[in-house]
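What follows is a short report on a single structure.
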Amino acid sequence: MANLQGSIGEGAVALRRAATARDPMIWAFLAALVLLFWVPELILYMGWAKFWIQFTTQVFIWSLFGVSFNLLMGYTGMISFGQAAYLGIGGYTAGLLLKNIPGLSFYLGLAAAPVGGALAALVIGYFCVRRTHIYFAILTLAFGHIVYLIAFKWYGFTGGDNGLIGIPVPGWIAEPTFANYYKFVLVICVVAIYLLWRIVNSPFGRALTAIRENPERADFIGIPVDRYRLYAFVLVGAFSGLAGALIMVNDRSVYPDLAHWTQSTQVLLMSLLGGVYTFFGPIVGALLLRTMDADITQNYPEIWQLFLGGVLVLILFGLPGGIVGFIQERDVGSGDDHATRTAKLLRQFRRKSWMFFGGALLFTTFFAVLHSPGAWLLPRAREFVPFSLVTWGIVPCALLQLVVGGSALWWLLRRADRFNRIDAALLLALPVAALVLHVYLGTPLSGLLIVLLWVIFTIYSLCQADFRRAYRIGSPAAGGG
């Protein structure tokens, strides 16, 4: 009997390993790791500023922080206003150990950061998870502010408002191009985000979603609600602490501002922008927020808050599910017949395509006005620069894009009720052409990102099985191809 049980156990382990090997997300993460690994070499080869290596590294770190935070808000339904506390605790844990213990292994100090974040989350979460809604949010804000004040005032331990500076890191990380640090962060963030993916799609993650939807019913069927909320809180604290340690390595220092509540609002905004109820939404939100920050803050710091507020208003009213939630939205019921399903898919595709087209045109015109507010009809002589937004003047450029692009999109969507492979290729070619045009016009990076999201949305829609079945794209009956 013991041998039989052992054989069954070994068989179950083998099946789990086989299922893991067949998981397409493993290969997707590996492909992302391979493609992104050589970005520093590409940036240096193209002669671009090293700032973009640092910028991409920061996007990775904030993506990790955002995805971990969304495990708490999006999957468990708990909104924390003090999540930056664990970001700061992780940074200070690694920084204090590396600075005050001579000869301590760098990797050991870094590994202590998630442990410190998890222990702090365990203590704080014990008091917080018993409360819900606004009471939970206010409690997390209060504890987060306590952590910030300790870091700000305890000069003998944390360095106070001077922070910890001169934290030793290995020489291969501190090399001038930041390429090694980029790759170091990339590997850690990809592995950590994949672990979060496995957690979200595990039975534990399903239980968290059940708690978010209806905690009373989850408790009735036997899920220990408070205990699972605490587990989620501790996990998020651990990953947040790891993100804080990576920020510390980048700066070679830690400051109390890392634990300030404003950092919590940043990660909250990333989740809202990208999509709270999607796994990859915070990654898109981190990329978009960091990109807008680089575009607007550096050149137009006086309107940064106005710009961010306007974008948030548009997102919350126009795309309440965030950008990724908007792309993934599928209002198609399993009981719909073929005609109803096709009509719904077509209506959704048309609406979303027009919204992406309008967003791309809006961003282009907005940045053109910022760049040259006086060149409405004709560019001024001193502003006439080839390959710029003001080569033809703001209004003519916007009208040209509106008329030509709008006419092409209208014609393609008008044919969308009888899709074939040629129509699908033309629908994809339109946003790709828009992306090329915006590169030619010199649209800032956040404007290019909107057009790139339009391309991704089109590819995503055309690759969906129900979309292809509804229009028989690629089948012999489709014709035209």
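By order of appearance in the structure tokens: chains A, B, ..., then residues from 1 within every chain, and ligands from 1 in the order shown.
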DSSP-assigned alpha helix (DSSP H) members of range 146-203 of chain A, reported as a PDB file with C-alpha atoms, in the first residue's frame:
ATOM      1  CA  ILE A 146       4.201  55.710  10.813  1.00  0.00           C
ATOM      2  CA  VAL A 147       6.836  53.849   8.776  1.00  0.00           C
ATOM      3  CA  TYR A 148       7.631  57.045   6.870  1.00  0.00           C
ATOM      4  CA  LEU A 149       8.013  59.082  10.074  1.00  0.00           C
ATOM      5  CA  ILE A 150      10.328  56.455  11.594  1.00  0.00           C
ATOM      6  CA  ALA A 151      12.531  56.608   8.512  1.00  0.00           C
ATOM      7  CA  PHE A 152      12.381  60.413   8.476  1.00  0.00           C
ATOM      8  CA  LYS A 153      13.121  61.032  12.172  1.00  0.00           C
ATOM      9  CA  TYR A 155      18.741  59.773  12.412  1.00  0.00           C
ATOM     10  CA  GLY A 156      20.831  57.303  14.358  1.00  0.00           C
ATOM     11  CA  PHE A 157      19.447  54.294  12.502  1.00  0.00           C
ATOM     12  CA  THR A 158      18.003  55.321   9.149  1.00  0.00           C
ATOM     13  CA  ALA A 179      23.486  47.746 -18.936  1.00  0.00           C
ATOM     14  CA  ASN A 180      24.435  45.155 -16.304  1.00  0.00           C
ATOM     15  CA  TYR A 181      22.056  46.658 -13.765  1.00  0.00           C
ATOM     16  CA  TYR A 182      19.305  46.629 -16.397  1.00  0.00           C
ATOM     17  CA  LYS A 183      19.817  42.903 -17.051  1.00  0.00           C
ATOM     18  CA  PHE A 184      20.036  42.139 -13.345  1.00  0.00           C
ATOM     19  CA  VAL A 185      16.703  43.891 -12.713  1.00  0.00           C
ATOM     20  CA  LEU A 186      15.124  42.365 -15.819  1.00  0.00           C
ATOM     21  CA  VAL A 187      15.826  38.771 -14.740  1.00  0.00           C
ATOM     22  CA  ILE A 188      14.582  39.363 -11.186  1.00  0.00           C
ATOM     23  CA  CYS A 189      11.420  41.169 -12.293  1.00  0.00           C
ATOM     24  CA  VAL A 190      10.499  38.617 -14.967  1.00  0.00           C
ATOM     25  CA  VAL A 191      10.918  35.736 -12.511  1.00  0.00           C
ATOM     26  CA  ALA A 192       9.005  37.577  -9.769  1.00  0.00           C
ATOM     27  CA  ILE A 193       6.144  38.549 -12.089  1.00  0.00           C
ATOM     28  CA  TYR A 194       5.921  34.970 -13.353  1.00  0.00           C
ATOM     29  CA  LEU A 195       5.668  33.761  -9.740  1.00  0.00           C
ATOM     30  CA  LEU A 196       2.836  36.246  -9.212  1.00  0.00           C
ATOM     31  CA  TRP A 197       1.176  34.880 -12.353  1.00  0.00           C
ATOM     32  CA  ARG A 198       1.348  31.364 -10.929  1.00  0.00           C
ATOM     33  CA  ILE A 199      -0.067  32.590  -7.609  1.00  0.00           C
ATOM     34  CA  VAL A 200      -2.976  34.384  -9.273  1.00  0.00           C
ATOM     35  CA  PRO A 203      -6.339  27.622  -6.257  1.00  0.00           C
TER      36      PRO A 203
END
Determine, counting only C-alpha atoms, which protein, DNA and RNA residues have an atom within 8 Å of an atom of range 292-299 of chain A; residues of the same chain fewer than 5 positions away are not included. Present the result as a VMD selection string. chain A and resid 304 444 to 446
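Residue-level DSSP output for range 126-257 of chain A, from the backbone, shows strand (DSSP E or B) at A:Leu164, A:Ile165, A:Ser253, A:Val254.
Between CA of Met270 in chain A and CA of Ile315 in chain A the separation is 11.5 Å.
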With only C-alpha atoms as the counted atoms, please give the residues lying no more than 8 Å from Phe279 in chain A, apart from itself and same-chain residues fewer than 3 positions off, as a VMD selection string. chain A and resid 67 70 197 276 282
